[in-house]
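So this one's final.tsv, TSV, C-alpha atoms:
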chain	number	residue	atom	x	y	z
A	14	MET	CA	19.67	20.44	-9.76
A	15	ALA	CA	18.04	21.78	-6.58
A	16	PHE	CA	14.23	22.05	-6.59
A	17	SER	CA	14.18	23.57	-3.10
A	18	ASP	CA	16.76	24.20	-0.42
A	19	ASP	CA	16.26	20.64	0.87
A	20	PHE	CA	15.46	18.51	-2.20
A	21	GLY	CA	17.32	17.88	-5.43
A	22	PHE	CA	18.57	15.33	-7.93
A	23	THR	CA	21.92	15.05	-9.71
A	24	VAL	CA	22.75	12.64	-12.54
A	25	ARG	CA	26.25	11.22	-12.25
A	26	THR	CA	26.82	8.59	-14.94
A	27	ARG	CA	24.86	7.25	-17.91
A	28	LEU	CA	24.66	3.97	-19.74
A	29	PRO	CA	25.60	4.01	-23.44
A	30	ASN	CA	21.90	3.57	-24.31
A	31	GLY	CA	21.26	7.11	-23.05
A	32	ARG	CA	18.48	6.03	-20.67
A	33	GLY	CA	19.95	4.24	-17.68
A	34	ARG	CA	21.76	6.49	-15.24
A	35	THR	CA	23.15	6.72	-11.72
A	36	GLY	CA	22.64	9.72	-9.51
A	37	VAL	CA	21.93	11.14	-6.08
A	38	ILE	CA	18.61	12.31	-4.63
A	39	THR	CA	19.00	14.83	-1.81
A	40	THR	CA	16.27	15.01	0.85
A	41	PRO	CA	15.91	16.73	4.24
A	42	HIS	CA	16.75	13.40	5.92
A	43	GLY	CA	19.72	12.32	3.84
A	44	THR	CA	20.76	11.29	0.35
A	45	ILE	CA	19.79	8.31	-1.78
A	46	ARG	CA	22.34	6.91	-4.23
A	47	THR	CA	20.48	5.75	-7.32
A	48	PRO	CA	19.46	3.32	-8.65
A	49	ALA	CA	18.16	2.25	-5.24
A	50	PHE	CA	15.63	-0.18	-3.81
A	51	VAL	CA	13.30	1.46	-1.29
A	52	VAL	CA	12.23	-0.91	1.49
A	53	VAL	CA	8.47	-1.01	2.09
A	54	GLY	CA	7.09	-0.37	5.57
A	55	THR	CA	3.40	-0.16	4.71
A	56	LYS	CA	2.02	0.78	8.12
A	57	ALA	CA	5.11	2.67	9.32
A	58	ALA	CA	6.77	-0.67	10.02
A	59	VAL	CA	8.79	-3.01	7.82
A	60	LYS	CA	7.15	-6.32	8.66
A	61	ALA	CA	9.45	-8.54	10.78
A	62	MET	CA	12.27	-5.95	10.86
A	63	LEU	CA	13.33	-3.10	13.14
A	64	PRO	CA	14.59	0.19	11.68
A	65	ASP	CA	18.16	-0.62	12.74
A	66	GLN	CA	17.92	-3.90	10.83
A	67	VAL	CA	16.69	-2.06	7.72
A	68	ALA	CA	19.75	0.16	7.94
A	69	ALA	CA	21.98	-2.87	8.51
A	70	VAL	CA	20.85	-4.51	5.24
A	71	GLY	CA	21.76	-1.31	3.40
A	72	GLY	CA	18.30	0.19	3.04
A	73	GLN	CA	18.63	3.86	2.13
A	74	ALA	CA	14.96	4.79	2.38
A	75	VAL	CA	11.61	3.43	3.53
A	76	LEU	CA	8.17	3.77	1.88
A	77	ALA	CA	4.90	3.75	3.84
A	78	ASN	CA	1.31	3.74	2.66
A	79	ALA	CA	-0.86	6.84	3.03
A	80	PHE	CA	-4.11	4.88	2.76
A	81	HIS	CA	-3.29	2.52	5.63
A	82	LEU	CA	-1.86	5.25	7.87
A	83	TYR	CA	-4.89	7.43	7.21
A	84	LEU	CA	-7.10	4.64	8.54
A	85	GLN	CA	-4.79	3.77	11.44
A	86	PRO	CA	-3.50	5.57	13.46
A	87	GLY	CA	-4.41	8.74	11.49
A	88	ALA	CA	-2.18	11.29	9.79
A	89	ASP	CA	-2.76	13.76	12.63
A	90	ILE	CA	-1.08	11.44	15.11
A	91	VAL	CA	1.92	10.88	12.83
A	92	ASP	CA	2.15	14.64	12.29
A	93	GLU	CA	2.07	15.27	16.03
A	94	ALA	CA	4.89	12.74	16.44
A	95	GLY	CA	7.05	14.81	14.10
A	96	GLY	CA	6.40	12.94	10.87
A	97	LEU	CA	6.80	9.41	9.57
A	98	GLY	CA	10.51	9.01	10.31
A	99	SER	CA	10.23	10.22	13.90
A	100	PHE	CA	7.09	8.16	14.47
A	101	MET	CA	8.70	4.88	13.40
A	102	GLY	CA	12.25	5.58	14.58
A	103	TRP	CA	13.79	5.74	11.10
A	104	THR	CA	16.32	8.53	10.54
A	105	GLY	CA	16.76	8.25	6.77
A	106	PRO	CA	14.67	9.42	3.80
A	107	THR	CA	11.02	8.39	3.61
A	108	PHE	CA	8.39	8.01	0.88
A	109	THR	CA	4.59	7.72	1.06
A	110	ASP	CA	2.43	6.53	-1.81
A	111	SER	CA	-0.91	8.20	-2.42
A	112	GLY	CA	-3.35	5.38	-1.66
A	113	GLY	CA	-4.23	4.91	-5.32
A	114	PHE	CA	-3.18	1.27	-5.40
A	115	GLN	CA	-5.37	0.42	-2.42
A	116	VAL	CA	-8.35	2.18	-4.00
A	117	MET	CA	-7.82	0.13	-7.16
A	118	SER	CA	-7.50	-3.11	-5.22
A	119	LEU	CA	-10.66	-2.39	-3.23
A	120	GLY	CA	-12.43	-1.64	-6.49
A	121	SER	CA	-11.26	-4.69	-8.43
A	122	GLY	CA	-10.23	-7.22	-5.79
A	123	PHE	CA	-6.67	-7.58	-7.17
A	124	LYS	CA	-4.77	-6.99	-3.95
A	125	LYS	CA	-1.22	-8.15	-4.60
A	126	THR	CA	0.05	-7.09	-8.00
A	127	LEU	CA	-0.58	-5.00	-11.06
A	128	ALA	CA	2.19	-6.64	-13.12
A	129	MET	CA	-0.07	-9.04	-15.02
A	130	ASP	CA	-0.21	-10.49	-18.48
A	131	VAL	CA	-2.98	-9.57	-20.90
A	132	THR	CA	-4.57	-12.95	-21.39
A	133	GLY	CA	-8.34	-13.01	-21.08
A	134	LEU	CA	-11.06	-10.70	-22.28
A	135	GLN	CA	-10.94	-7.00	-21.50
A	136	ASN	CA	-13.75	-5.82	-19.28
A	137	ASP	CA	-14.23	-2.46	-17.57
A	138	ASP	CA	-16.32	-4.07	-14.84
A	139	VAL	CA	-13.42	-6.35	-13.92
A	140	ILE	CA	-13.58	-7.81	-10.41
A	141	ALA	CA	-11.50	-10.64	-8.96
A	142	GLU	CA	-13.41	-13.86	-8.45
A	143	GLY	CA	-15.07	-14.07	-5.05
A	144	HIS	CA	-14.69	-10.35	-4.28
A	145	GLU	CA	-17.20	-7.55	-3.81
A	146	ARG	CA	-16.41	-4.05	-5.07
A	147	GLN	CA	-15.44	-1.86	-2.10
A	148	ALA	CA	-14.48	1.37	-3.93
A	149	HIS	CA	-16.20	3.53	-6.54
A	150	VAL	CA	-14.50	6.22	-8.63
A	151	ASP	CA	-16.16	9.44	-9.76
A	152	GLU	CA	-14.78	12.62	-11.30
A	153	ASP	CA	-14.02	14.26	-7.97
A	154	GLY	CA	-12.51	11.30	-6.10
A	155	VAL	CA	-13.21	7.86	-4.66
A	156	ASN	CA	-15.67	6.51	-2.11
A	157	PHE	CA	-14.48	3.39	-0.33
A	158	LYS	CA	-15.24	1.08	2.55
A	159	SER	CA	-12.54	0.58	5.17
A	160	PRO	CA	-11.15	-2.96	5.19
A	161	LEU	CA	-10.64	-2.54	8.94
A	162	ASP	CA	-14.16	-1.88	10.15
A	163	GLY	CA	-16.38	-1.32	7.12
A	164	SER	CA	-16.69	2.43	7.74
A	165	ARG	CA	-17.21	4.71	4.74
A	166	HIS	CA	-14.54	7.15	3.58
A	167	ARG	CA	-13.75	9.44	0.67
A	168	PHE	CA	-10.39	10.24	-0.92
A	169	THR	CA	-9.92	13.16	-3.28
A	170	PRO	CA	-6.64	14.62	-4.57
A	171	GLU	CA	-6.85	17.28	-1.88
A	172	VAL	CA	-7.49	14.73	0.87
A	173	SER	CA	-4.54	12.61	-0.28
A	174	MET	CA	-2.28	15.68	-0.19
A	175	ARG	CA	-3.46	16.66	3.27
A	176	VAL	CA	-2.91	13.13	4.55
A	177	GLN	CA	0.56	12.88	3.01
A	178	HIS	CA	1.63	16.29	4.26
A	179	GLY	CA	0.53	15.20	7.71
A	180	LEU	CA	2.59	12.02	7.39
A	181	GLY	CA	5.59	14.19	6.55
A	182	ALA	CA	7.53	11.92	4.17
A	183	ASP	CA	10.37	13.42	2.14
A	184	ILE	CA	8.80	12.19	-1.11
A	185	MET	CA	5.10	11.69	-1.79
A	186	PHE	CA	3.01	10.84	-4.83
A	187	ALA	CA	0.05	12.51	-6.51
A	188	PHE	CA	-3.31	10.75	-6.18
A	189	ASP	CA	-4.08	8.80	-9.36
A	190	GLU	CA	-6.56	6.31	-10.74
A	191	LEU	CA	-4.98	2.93	-11.40
A	192	THR	CA	-6.38	0.55	-13.94
A	193	THR	CA	-5.75	-3.11	-14.66
A	194	LEU	CA	-4.58	-4.60	-17.94
A	195	PHE	CA	-8.06	-6.08	-18.26
A	196	ASN	CA	-9.64	-2.63	-18.73
A	197	THR	CA	-10.46	-1.57	-22.28
A	198	ARG	CA	-8.45	1.08	-24.08
A	199	GLU	CA	-11.47	3.38	-23.94
A	200	TYR	CA	-11.49	3.26	-20.15
A	201	GLN	CA	-7.68	3.65	-20.01
A	202	VAL	CA	-8.07	6.92	-21.92
A	203	GLU	CA	-10.83	8.12	-19.61
A	204	ALA	CA	-8.87	7.20	-16.46
A	205	LEU	CA	-5.69	8.79	-17.80
A	206	GLU	CA	-7.45	12.10	-18.36
A	207	ARG	CA	-8.98	11.93	-14.87
A	208	THR	CA	-5.52	11.24	-13.42
A	209	ARG	CA	-4.19	14.30	-15.28
A	210	ARG	CA	-6.88	16.49	-13.76
A	211	TRP	CA	-6.26	15.01	-10.32
A	212	ALA	CA	-2.51	15.63	-10.73
A	213	GLN	CA	-3.16	19.33	-11.28
A	214	ARG	CA	-5.31	19.46	-8.16
A	215	CYS	CA	-2.62	17.63	-6.17
A	216	LEU	CA	0.05	20.06	-7.34
A	217	ASP	CA	-2.05	23.09	-6.42
A	218	GLU	CA	-2.94	21.70	-2.98
A	219	HIS	CA	0.70	20.72	-2.42
A	220	VAL	CA	1.84	24.29	-3.04
A	221	ARG	CA	-0.83	25.63	-0.68
A	222	LEU	CA	0.06	23.18	2.09
A	223	THR	CA	3.80	23.73	1.67
A	224	GLY	CA	3.25	27.43	2.25
A	225	SER	CA	1.25	26.78	5.42
A	226	ARG	CA	3.65	24.19	6.86
A	227	ARG	CA	6.96	26.00	6.82
A	228	HIS	CA	7.68	24.62	10.28
A	229	ARG	CA	8.18	21.21	8.62
A	230	PRO	CA	10.94	20.12	6.19
A	231	TYR	CA	10.16	20.41	2.49
A	232	GLN	CA	8.25	17.46	1.00
A	233	ALA	CA	8.76	16.64	-2.68
A	234	LEU	CA	5.76	15.70	-4.82
A	235	PHE	CA	6.01	13.20	-7.68
A	236	GLY	CA	3.41	13.06	-10.44
A	237	VAL	CA	2.31	9.54	-11.40
A	238	ILE	CA	2.42	8.24	-14.97
A	239	GLN	CA	-0.37	5.89	-16.05
A	240	GLY	CA	-1.34	4.48	-19.46
A	241	ALA	CA	-1.05	0.70	-19.01
A	242	GLN	CA	0.58	-1.04	-22.00
A	243	TYR	CA	-0.22	1.67	-24.55
A	244	GLU	CA	2.78	3.62	-25.83
A	245	ASP	CA	0.83	6.67	-26.96
A	246	LEU	CA	-0.95	6.94	-23.61
A	247	ARG	CA	2.23	6.56	-21.57
A	248	ARG	CA	4.04	9.16	-23.65
A	249	ARG	CA	1.06	11.51	-23.48
A	250	ALA	CA	0.93	11.20	-19.70
A	251	CYS	CA	4.65	11.95	-19.45
A	252	ARG	CA	4.37	15.04	-21.63
A	253	ASP	CA	1.29	16.29	-19.79
A	254	LEU	CA	2.79	15.93	-16.33
A	255	SER	CA	6.20	17.26	-17.41
A	256	ALA	CA	4.56	20.45	-18.66
A	257	MET	CA	2.24	20.81	-15.67
A	258	ARG	CA	2.75	23.75	-13.31
A	259	SER	CA	0.88	24.83	-10.20
A	260	ALA	CA	-1.69	27.57	-10.57
A	261	ASP	CA	0.03	29.53	-7.82
A	262	GLY	CA	3.79	29.87	-8.14
A	263	ASP	CA	4.47	28.07	-11.43
A	264	ARG	CA	5.70	25.01	-9.54
A	265	PRO	CA	6.46	21.76	-11.45
A	266	PHE	CA	6.53	18.25	-10.02
A	267	ASP	CA	9.76	17.38	-8.20
A	268	GLY	CA	9.90	13.94	-9.79
A	269	TYR	CA	7.74	11.25	-11.36
A	270	GLY	CA	6.37	7.85	-10.44
A	271	ILE	CA	5.83	5.27	-13.15
A	272	GLY	CA	2.83	3.28	-12.00
A	273	GLY	CA	-0.18	1.27	-12.96
A	274	ALA	CA	-0.55	-2.03	-14.69
A	275	ILE	CA	2.62	-2.99	-16.54
A	276	GLU	CA	2.85	-6.07	-18.73
A	277	LYS	CA	5.84	-7.85	-17.17
A	278	ALA	CA	7.41	-8.98	-20.44
A	279	ARG	CA	7.43	-5.36	-21.66
A	280	LEU	CA	8.50	-3.62	-18.46
A	281	GLY	CA	11.79	-2.28	-19.83
A	282	GLU	CA	10.11	-1.09	-23.00
A	283	ILE	CA	7.38	0.77	-21.10
A	284	VAL	CA	9.83	2.41	-18.68
A	285	GLY	CA	11.95	3.40	-21.67
A	286	TRP	CA	9.03	5.26	-23.27
A	287	CYS	CA	8.67	7.26	-20.08
A	288	ALA	CA	12.40	7.95	-19.80
A	289	ASP	CA	12.35	9.37	-23.33
A	290	GLU	CA	9.66	11.89	-22.41
A	291	LEU	CA	10.31	12.84	-18.76
A	292	PRO	CA	12.71	15.65	-17.77
A	293	GLU	CA	16.31	14.51	-17.37
A	294	ASP	CA	16.77	16.50	-14.17
A	295	ARG	CA	13.95	14.83	-12.23
A	296	PRO	CA	14.11	11.43	-10.49
A	297	ARG	CA	11.88	8.58	-11.69
A	298	HIS	CA	10.41	6.03	-9.28
A	299	LEU	CA	9.02	2.73	-10.59
A	300	LEU	CA	6.25	1.61	-8.28
A	301	GLY	CA	5.94	-2.00	-7.13
A	302	ILE	CA	8.80	-4.09	-8.59
A	303	SER	CA	11.60	-6.17	-7.07
A	304	GLU	CA	12.12	-9.34	-9.14
A	305	PRO	CA	15.74	-9.53	-10.36
A	306	GLU	CA	14.88	-9.56	-14.07
A	307	ASP	CA	12.65	-6.52	-13.57
A	308	LEU	CA	15.32	-4.61	-11.64
A	309	PHE	CA	17.88	-5.06	-14.41
A	310	ALA	CA	15.35	-4.08	-17.08
A	311	ALA	CA	14.17	-1.02	-15.15
A	312	CYS	CA	17.68	0.25	-14.39
A	313	ALA	CA	18.69	-0.11	-18.03
A	314	ALA	CA	15.55	1.73	-19.14
A	315	GLY	CA	16.10	4.76	-16.88
A	316	ALA	CA	14.27	4.20	-13.59
A	317	ASP	CA	16.06	5.55	-10.51
A	318	THR	CA	14.26	4.05	-7.50
A	319	PHE	CA	11.90	1.13	-6.88
A	320	ASP	CA	9.77	-0.29	-4.09
A	321	CYS	CA	7.96	-3.57	-3.50
A	322	VAL	CA	6.56	-5.60	-0.62
A	323	ASN	CA	7.57	-8.88	-2.25
A	324	PRO	CA	10.94	-9.54	-0.54
A	325	SER	CA	9.36	-9.44	2.91
A	326	ARG	CA	6.05	-11.01	1.86
A	327	VAL	CA	7.55	-14.17	0.41
A	328	ALA	CA	10.05	-14.36	3.28
A	329	ARG	CA	7.19	-14.74	5.73
A	330	ASN	CA	6.16	-17.79	3.72
A	331	ALA	CA	9.69	-19.28	3.88
A	332	ALA	CA	10.72	-18.36	0.30
A	333	ILE	CA	14.38	-17.40	0.05
A	334	TYR	CA	16.05	-15.41	-2.75
A	335	THR	CA	19.59	-16.28	-3.83
A	336	ALA	CA	21.76	-15.65	-6.87
A	337	ASP	CA	21.05	-19.29	-7.71
A	338	GLY	CA	17.29	-18.81	-7.79
A	339	ARG	CA	14.52	-18.89	-5.20
A	340	TYR	CA	13.77	-21.84	-2.93
A	341	ASN	CA	11.60	-22.73	0.04
A	342	VAL	CA	13.55	-23.34	3.23
A	343	THR	CA	10.87	-25.65	4.67
A	344	THR	CA	11.50	-28.43	2.13
A	345	ALA	CA	12.87	-31.71	3.43
A	346	ALA	CA	16.24	-31.08	1.74
A	347	ASN	CA	16.91	-28.27	4.23
A	348	ARG	CA	16.12	-30.18	7.40
A	349	ARG	CA	19.79	-31.11	7.91
A	350	ALA	CA	21.36	-28.41	5.72
A	351	PHE	CA	23.88	-26.81	8.06
A	352	VAL	CA	24.86	-24.11	5.57
A	353	PRO	CA	23.82	-20.47	5.15
A	354	LEU	CA	20.68	-19.53	3.26
A	355	GLU	CA	23.02	-18.27	0.55
A	356	GLU	CA	26.75	-18.91	0.36
A	357	GLY	CA	28.70	-15.66	0.46
A	358	CYS	CA	25.82	-13.50	1.69
A	359	ASP	CA	26.88	-10.96	4.33
A	360	CYS	CA	23.50	-10.50	6.04
A	361	TYR	CA	22.98	-11.26	9.74
A	362	THR	CA	20.99	-14.40	8.96
A	363	CYS	CA	23.57	-15.96	6.67
A	364	THR	CA	26.49	-15.13	8.96
A	365	HIS	CA	24.78	-16.51	12.09
A	366	CYS	CA	22.21	-19.14	11.08
A	367	THR	CA	21.78	-22.20	8.88
A	368	ARG	CA	19.06	-23.43	6.57
A	369	ALA	CA	18.42	-26.23	9.06
A	370	TYR	CA	17.75	-23.70	11.80
A	371	LEU	CA	15.29	-21.70	9.71
A	372	HIS	CA	13.65	-24.95	8.60
A	373	HIS	CA	13.11	-25.70	12.28
A	374	LEU	CA	11.82	-22.19	13.08
A	375	PHE	CA	9.21	-22.26	10.32
A	376	LYS	CA	8.11	-25.79	11.16
A	377	ALA	CA	7.83	-24.82	14.82
A	378	ARG	CA	5.96	-21.63	13.83
A	379	GLU	CA	8.45	-19.44	15.64
A	380	ILE	CA	8.30	-15.78	14.64
A	381	ASP	CA	12.10	-15.63	14.44
A	382	GLY	CA	11.95	-17.63	11.23
A	383	LYS	CA	10.05	-14.83	9.50
A	384	VAL	CA	12.40	-12.21	10.93
A	385	LEU	CA	15.55	-13.99	9.77
A	386	ALA	CA	14.17	-14.81	6.33
A	387	THR	CA	13.04	-11.19	5.85
A	388	ILE	CA	16.46	-9.85	6.81
A	389	HIS	CA	18.04	-12.03	4.13
A	390	ASN	CA	15.55	-11.24	1.36
A	391	GLU	CA	15.71	-7.49	1.93
A	392	ARG	CA	19.51	-7.62	1.98
A	393	PHE	CA	19.49	-9.68	-1.22
A	394	THR	CA	17.33	-7.12	-3.04
A	395	VAL	CA	19.11	-4.02	-1.74
A	396	ARG	CA	22.52	-5.53	-2.50
A	397	LEU	CA	21.52	-6.53	-6.03
A	398	VAL	CA	20.47	-2.97	-6.88
A	399	ASP	CA	23.69	-1.68	-5.27
A	400	GLN	CA	25.67	-4.07	-7.48
A	401	ILE	CA	23.74	-2.91	-10.54
A	402	ARG	CA	24.53	0.71	-9.64
A	403	ARG	CA	28.25	-0.02	-9.29
A	404	SER	CA	28.30	-1.87	-12.62
A	405	MET	CA	26.65	1.14	-14.26
A	406	GLU	CA	29.28	3.40	-12.76
A	407	ASP	CA	32.28	1.30	-13.81
A	408	GLY	CA	31.01	0.43	-17.30
A	409	SER	CA	30.43	-3.29	-16.72
A	410	PHE	CA	26.62	-3.27	-16.62
A	411	GLU	CA	25.93	-5.41	-19.71
A	412	ASP	CA	28.49	-8.04	-18.71
A	413	PHE	CA	27.21	-8.09	-15.14
A	414	ARG	CA	23.60	-8.42	-16.28
A	415	ALA	CA	24.38	-11.29	-18.65
A	416	GLU	CA	26.45	-13.15	-16.08
A	417	TRP	CA	24.12	-12.60	-13.11
A	418	LEU	CA	20.87	-13.39	-14.89
A	419	GLY	CA	22.43	-16.32	-16.71
A	420	ARG	CA	23.33	-17.91	-13.38
A	421	TYR	CA	19.99	-17.02	-11.78
A	422	ARG	CA	17.88	-18.40	-14.60
A	423	SER	CA	19.98	-21.50	-15.09
A	424	ALA	CA	19.86	-22.44	-11.41
A	425	ALA	CA	16.18	-21.59	-11.12
A	426	SER	CA	15.30	-23.86	-14.04
A	427	THR	CA	16.78	-26.87	-12.26
A	428	ARG	CA	14.98	-26.39	-8.95

How does the structure come out when it is put into structure tokens?
Amino acid sequence: MAFSDDFGFTVRTRLPNGRGRTGVITTPHGTIRTPAFVVVGTKAAVKAMLPDQVAAVGGQAVLANAFHLYLQPGADIVDEAGGLGSFMGWTGPTFTDSGGFQVMSLGSGFKKTLAMDVTGLQNDDVIAEGHERQAHVDEDGVNFKSPLDGSRHRFTPEVSMRVQHGLGADIMFAFDELTTLFNTREYQVEALERTRRWAQRCLDEHVRLTGSRRHRPYQALFGVIQGAQYEDLRRRACRDLSAMRSADGDRPFDGYGIGGAIEKARLGEIVGWCADELPEDRPRHLLGISEPEDLFAACAAGADTFDCVNPSRVARNAAIYTADGRYNVTTAANRRAFVPLEEGCDCYTCTHCTRAYLHHLFKAREIDGKVLATIHNERFTVRLVDQIRRSMEDGSFEDFRAEWLGRYRSAASTR
């Protein structure tokens, strides 16, 4: 179904469970075959990779961070360059997130993940040990201190929309308030209602800016679903945002992001609640996941696209993903291992280099080690989601999942 002349989503095949599906997202800068892993280039750059290398590993789209690009170099500069893709030399589809995660991390000190367990006492004043609160939420928006220079800034739904329109990504996300699993249910309810009100403001500002920026390609806006681990809150958020329309023009959201703190063991269950409630003709993006078990669970539950910094982050610390589990290439066992990082992998690193060579590069602190490891990990993740998509299309998903995860878990347990 087309939502504008330049953006649309079509479902192609479905899993027998009625939730998982394959499809195609159409954007002004190309199509995305779903399910798909979106490679993260936080500051308009995929760390340790060039745009041509992202394309070579099969990346269909890139996601950048509105918060970081607002601080440096500024959305106005990216806009003047012609938008995110032109600025960074990437010709395919692009996403920007709203900055909500960074506001949460500045406020709580949890900077790397929201996929936590629920051990420990719930506390609405939660702050990571050793951190000082750098962001404060009120009804209208968020005040925060820049991690770059300590300067003071304020984000509101309208500011986030103006920044993201300036960045010019094909898909952007409404500004939301993230919570952690440590927050009480009472605060989750309060934050969810605030996120709903902010979503309406984002939608209205999006319509206004779209009308004033007709010289730029259409940008799709996704509403963001919060609600932590509570089924009633997640379902309520889905129904609220599905029914939401702009005040001017009766415009709905073009798609939906499933975000916030998700209890890892229940990821598939939580995504499934959302799939039950969200419109069938809109794409669903699951924010911040890339572990193999999570990708299988999310695809089965009805998510269409995903993003995560983890493949590149762990690569820079010498951690290598393979179908036989994850290992560290700097261990002594790899010093004389003249074999690829992963047998059968078709990435540049595995077809040109050995574990012994990367062991040397990391030990010698050569930047090429991080580059080559990142190329492999991004290819591993993109390829896995591509394989999941093909198995969904040909009807072999359940067999493929059982076989692939059985091998991965069995090998990982022996490392």

Best match for closeness to Arg326 in chain A among A:Lys60, A:Arg392, A:Arg279, A:Arg165, counting only C-alpha atoms: A:Lys60

Closest of A:Asp110, A:Asp19, A:Asp320, A:Asp412 to Glu304 in chain A - atom-to-atom distances counting only C-alpha atoms: A:Asp320

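Separating CA of Val237 in chain A from CA of Thr208 in chain A is a distance of 8.3 Å.
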
Minimum-distance residue to Val70 in chain A, chosen among A:Asn156, A:Phe50, A:His372, A:Leu194 (using all atoms listed in the file): A:Phe50

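Among A:Gly54, A:Gly270, A:Gly72, A:Gly281, the residue with the shortest atom-to-atom distance to Ser325 in chain A, counting all atoms listed in the file, is A:Gly54.
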